[in-house]
Structure formats: structure tokens, C-alpha cells
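Have a look at the structure below, then the notes.
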Amino acid sequence: MMKLPLPATFFRCPPFSQTEAQQYIAMGLESVRNLIQKADLVHGPYEFTLLSDESDVKIHKADTAGPSHGVVCATMEAPATLDEVYDLYRNDTTDQAKAYFQRFGRAFVDTVTLYTILSPSPTRPFDSVAIKWMACKSPFDALVPARDYCVLESTFEVEINGHRGWATAYKSLVLDCVPTLWELCGLIRATHFDSGRVFVESHRPGYLHMTYFNDQDVAGTPTAMGLSVRKWAIYESLKLWCRSLADLDRFLREDRLGRTPSLREYELTPLHSRTRCFLCHKKFGPLRTKSNCSKCGEVWLLDTRLVQKLQLRMEDQGDRR
């Protein structure tokens with residue numbers, strides 16, 4: 001059985017005609033409109049109930065009749081700009097997409113960009129349409145086979161209730177050049193029904209309202225586990241995807257911090273001048289090694305688990321100043 005990731009040339013897709021490209025662009029616009037409508041927790045077509053309230057992220061679910069169909073919607077507000085978030089999600093090429101999936105890799109296993117139909121332009125910097133193949137794992141991957149998708153990925157600038165934003169929708173396609181891969185890779189082909197993400201400027205200056213919406217049929221043959229357990233497993237898998245929204249604020253802060261200049265050696269706080277970690281306030285000792293932060297110069301405990309917290313704390317302090 002072939003292992004992932006697949007080579008970028010695995011799928012051999014014939015070129016599109018201009019007419020076909022325009023049809024996919026129109027399909028993409030409709031998919032984004034459907035996403036925005038379905039992701040409306042109040043006025044949309046689904047009746048949502050709270051599934052999980054995790055820190056700043058609230059995850060809602062809608063009841064569905066199909067045994068392998070699940071619908072979830074996650075929302076969060078965070079300080080950010082539309083451009084910042086767009087740059088974070090930039091995955092036009094296969095290499096960019098693989099890097100993105102590695103960073104947001106809670107569930108993603110592999111991806112290949114099959115067609116680039118519409119690219120961003122100076123006048124429409126958010127707009128793009130592409131066809132992609134991607135593979136995702138389940139949180140129960142030891143028991144549940146991974147899924148793969150062939151999707152139309154469509155991103156367009158939008159306006160929602162007078163607020164500027166952009167949205168990316170995923171709509172599954174059936175293409176001859178993207179066959180099912182169960183026998184070759186053990187992947188079950190699942191279906192997205194205008195799933196995606198929506199980012200809109202909030203009424204709070206400097207903040208964005210962020211939405212992840214997932215409407216999919218995971219397919220597969222029902223097992224002896226029973227319908228209720230199967231539904232529970234589906235929603236646990238969808239929650240895994242939704243939780244990546246919580247990573248967004250951290251990634252944005254990391255990127256902002258990465259763009260700031262590093263201090264020169266003579267600007268760093270001397271290690272001998274500090275007896276406690278600047279971040280956790282633990283006292284240094286033989287088993288607690290000192291190190292300098294290259295951004296603020298302070299002395300902290302050399303523990304890779306604290307790097308993320310340090311980055312967030314330093315940016316928070318900068319914001320307060």
C-alpha cells in the first residue's frame with residue numbers, strides 16, 4: 001500500500017478550457033455564498049446547539065439525519081487584520097499548502113494543488129479559486145481509516161452586514177483524474193458541502209470575527225459500533241478540526257514576533273544578573289538552565305515548552321505599552 005505524502009505529480013490532470021475555468025469560478029462564488037448563509041448561527045438553515053465551549057472558541061453542532069453526515073460551526077474573536085489572517089492561510093502552491101497543513105496539522109495528512117484557476121490580483125488581493133486534493137486523519141486513526149477529498153477551494157472578499165471580510169469555501173468535486181484511493185492508500189473519499197472559514201471585521205476596532213464551518217459526509221461502511229457511537233466519533237473528528245481555530249491567535253502572535261528584529265548580543269540582559277525566570281519566576285539552579293530571549297533580551301528558563309507562552313507574554317506586554 002502506498003504511503004503518504006503523495007508526490008506532487010501523482011495526479012495527472014488534463015488542462016482546462018477557458019469556459020470550464022469560468023464555470024468553476026462561478027461555482028466558487030456560489031459556494032462562498034452558501035457557506036456564509038449556512039454558517040449563520042441565528043438566521044441560517046441549520047438549528048445549532050452548543051457542542052463545546054473551549055476557552056475563546058465556541059463550537060456548535062446541528063443534528064443531521066444521515067449516519068455519516070455531520071455539521072459543526074466554531075466561532076471566535078481575536079485581534080487581527082484581514083491581511084494578517086490571509087497571509088497565514090496562504091497556500092496557493094502545493095509547497096505552500098503542505099507548509100500550511102504542517103502548521104495547522106491537527107488533522108491534515110497531505111495535500112496537492114491540482115489546478116490554479118484564479119489567482120489574487122492587485123485589485124482583488126483575496127480572490128482565488130483552485131482545485132485541490134487533501135487527506136485528513138481521524139483522532140481515532142488507529143481504528144478509523146483516514147479520509148480524502150477532491151475539492152474546489154474558493155476564496156473571495158465579502159461584505160457581511162456592512163462589515164468587510166473574506167471567506168474560503170470547500171465544495172467536493174468528482175474528477176476522472178482524481179480516482180478514489182481506498183485500494184492504493186487506504187483512504188475513504190468523503191464529501192464537503194460548502195464547508196470553510198469566514199473572517200469579518202468586528203464591531204470592535206482591530207478585531208476579527210472568525211468562523212469555521214464544516215458540513216460533510218465522511219462516508220464509509222457502518223460498523224458494529226452502532227449509530228450513536230458512530231455519530232459521536234464523527235463529531236469528535238469535526239471538533240478536532242474546529243480546535244485549530246484556537247491556534248490562530250497564537251500563530252498570528254508568533255508571526256508578528258518573528259517580524260521584529262532580534263537584539264544584538266551586547267543588548268541582552270546578562271545571565272548572571274537574574275536569579276529567576278522572567279516568565280515562570282522559577283529560581284534557577286543546576287537543573288534549570290538560563291537562556292536569553294533574542295527579542296526582549298530577558299533571561300528565562302531553557303524549556304522548549306515555555307517558548308510559546310513567552311512569545312505571547314512579550315507581545316501582550318508590548319500591546320499594553
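Simple scheme: letters A, B, ... for chains in C-alpha cells order, numbers from 1 for residues in each chain, numbers from 1 for ligands in the order shown.
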>> Report as a list in words all protein, DNA and RNA residues lying within 10 Å of Ala21 in chain A, evaluated on only C-alpha atoms, omitting residues in the same chain fewer than 2 positions from it.
In response: Pro15, Phe16, Ser17, Gln18, Thr19, Gln23, Tyr24, Ile25, Ala26, Met27, Tyr115, Thr116, Ile117, Leu118, Val129 and Ala130 of chain A
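Look at Leu240 in chain A: the protein and nucleic acid residues within 9 Å of it, using only C-alpha atoms and passing over chain neighbours fewer than 4 places away, are A:Arg106, A:Ala107, A:Ser138, A:Pro139, A:Tyr235, A:Glu236, A:Ser244.
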> DSSP on the backbone: what in range 133-316 of chain A comes out helix (DSSP H, G or I), as a PyMOL selection string?
Replying inline: chain A and resi 182-185+227-258+265-267+271-273+304-316
>> Give me, as a PyMOL selection string, all polymer residues having an atom no more than 9 Å from Tyr86 in chain A, counting only C-alpha atoms and skipping those fewer than 5 positions away in the same chain.
In response: chain A and resi 81+126+166
>> Please list as a ChimeraX atom specification every residue within 9 Å of Asp249 in chain A, counting only C-alpha atoms and excluding residues in the same chain fewer than 6 positions away.
In response: /A:78-80
Restricting it to N, CA and C atoms, dump the selection as a compact mmCIF listing (two decimals), in the first residue's frame.
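After the write, result-v3.txt holds the following:
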```txt
# COMPACT_ATOMS: atom_id res chain seq x y z
N ALA A 78 -10.70 37.63 17.77
CA ALA A 78 -9.31 37.81 18.15
C ALA A 78 -8.77 39.07 17.49
N PRO A 79 -7.75 39.70 18.11
CA PRO A 79 -7.14 40.88 17.50
C PRO A 79 -6.35 40.49 16.25
N ALA A 80 -6.73 41.03 15.11
CA ALA A 80 -6.07 40.68 13.85
C ALA A 80 -6.62 41.56 12.75
```
> Taking the backbone alone, and naming residues the way the document does, which bits of range 18-186 of chain A are strand (DSSP E) by DSSP, as a count of residues only?
Replying inline: 68
> Taking only C-alpha atoms into account, which of A:Leu88, A:Ala246, A:Glu298, A:Ala169 comes nearest Glu54 in chain A?
Replying inline: A:Ala246
> If you count only C-alpha atoms, which residues fall within 10 Å of Arg189 in chain A, apart from same-chain ones fewer than 6 positions away, as a VMD selection string?
Replying inline: chain A and resid 135 146 to 150 172 179 to 182 217 to 220
> Any idea what's packed within 7 Å of Ser128 in chain A, counting only C-alpha atoms, ignoring anything in its chain fewer than 4 positions away? Could you give it as a PyMOL selection string?
Replying inline: chain A and resi 118-120+154-156
> Could you pull the residues within 7 Å of range 207-214 of chain A, counting only C-alpha atoms, minus those fewer than 3 positions along the same chain, as number ranges by chain?
Replying inline: A: 39, 71-81, 195-202, 204, 242
Let me see the file: selected residues, C-alpha atoms, as a PDB file, in the first residue's frame.
```pdb
ATOM      1  CA  ALA A  39     -22.538  29.457   8.934  1.00  0.00           C
ATOM      2  CA  VAL A  71     -22.341  19.735  10.716  1.00  0.00           C
ATOM      3  CA  VAL A  72     -20.372  21.925  13.142  1.00  0.00           C
ATOM      4  CA  CYS A  73     -19.690  25.657  13.397  1.00  0.00           C
ATOM      5  CA  ALA A  74     -16.933  27.209  15.549  1.00  0.00           C
ATOM      6  CA  THR A  75     -16.626  30.928  16.308  1.00  0.00           C
ATOM      7  CA  MET A  76     -14.035  33.172  17.950  1.00  0.00           C
ATOM      8  CA  GLU A  77     -12.964  36.824  18.076  1.00  0.00           C
ATOM      9  CA  ALA A  78      -9.306  37.806  18.151  1.00  0.00           C
ATOM     10  CA  PRO A  79      -7.143  40.881  17.496  1.00  0.00           C
ATOM     11  CA  ALA A  80      -6.069  40.680  13.853  1.00  0.00           C
ATOM     12  CA  THR A  81      -6.426  42.221  10.417  1.00  0.00           C
ATOM     13  CA  SER A 195     -17.530  23.861   4.333  1.00  0.00           C
ATOM     14  CA  GLY A 196     -14.979  26.567   5.054  1.00  0.00           C
ATOM     15  CA  ARG A 197     -13.975  29.608   7.072  1.00  0.00           C
ATOM     16  CA  VAL A 198     -15.206  33.203   7.269  1.00  0.00           C
ATOM     17  CA  PHE A 199     -13.292  36.202   8.630  1.00  0.00           C
ATOM     18  CA  VAL A 200     -15.123  39.502   9.087  1.00  0.00           C
ATOM     19  CA  GLU A 201     -14.082  42.765  10.711  1.00  0.00           C
ATOM     20  CA  SER A 202     -15.736  43.004  14.116  1.00  0.00           C
ATOM     21  CA  ARG A 204     -14.575  46.077  17.983  1.00  0.00           C
ATOM     22  CA  CYS A 242     -12.588  23.239  14.752  1.00  0.00           C
TER      23      CYS A 242
END
```
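Comparing A:His281, A:Val57, A:Val109, A:Glu20 by their smallest distance to Arg243 in chain A, the closest is A:Val57 (using only C-alpha atoms).
Atom pair CA of Asp95 in chain A / CA of Thr168 in chain A has a distance of 19.0 Å (rounded to one decimal).
Distances here use only C-alpha atoms; by that measure, the residue among A:Ile36, A:Cys185, A:Leu302, A:Cys136 closest to Asn161 in chain A is A:Ile36.
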> Of the candidates A:Ala167, A:Val174, A:Cys293, A:Val112, which shows the shortest atom-to-atom distance to Pro7 in chain A, using only C-alpha atoms?
Replying inline: A:Val112
>> Using only C-alpha atoms, can you tell me which of A:Leu245, A:Leu301, A:Leu4, A:Ile131 comes closest to Asp110 in chain A?
In response: A:Leu4
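For the pair CA of Asp194 in chain A and CA of Phe10 in chain A, the separation is 25.9 Å.
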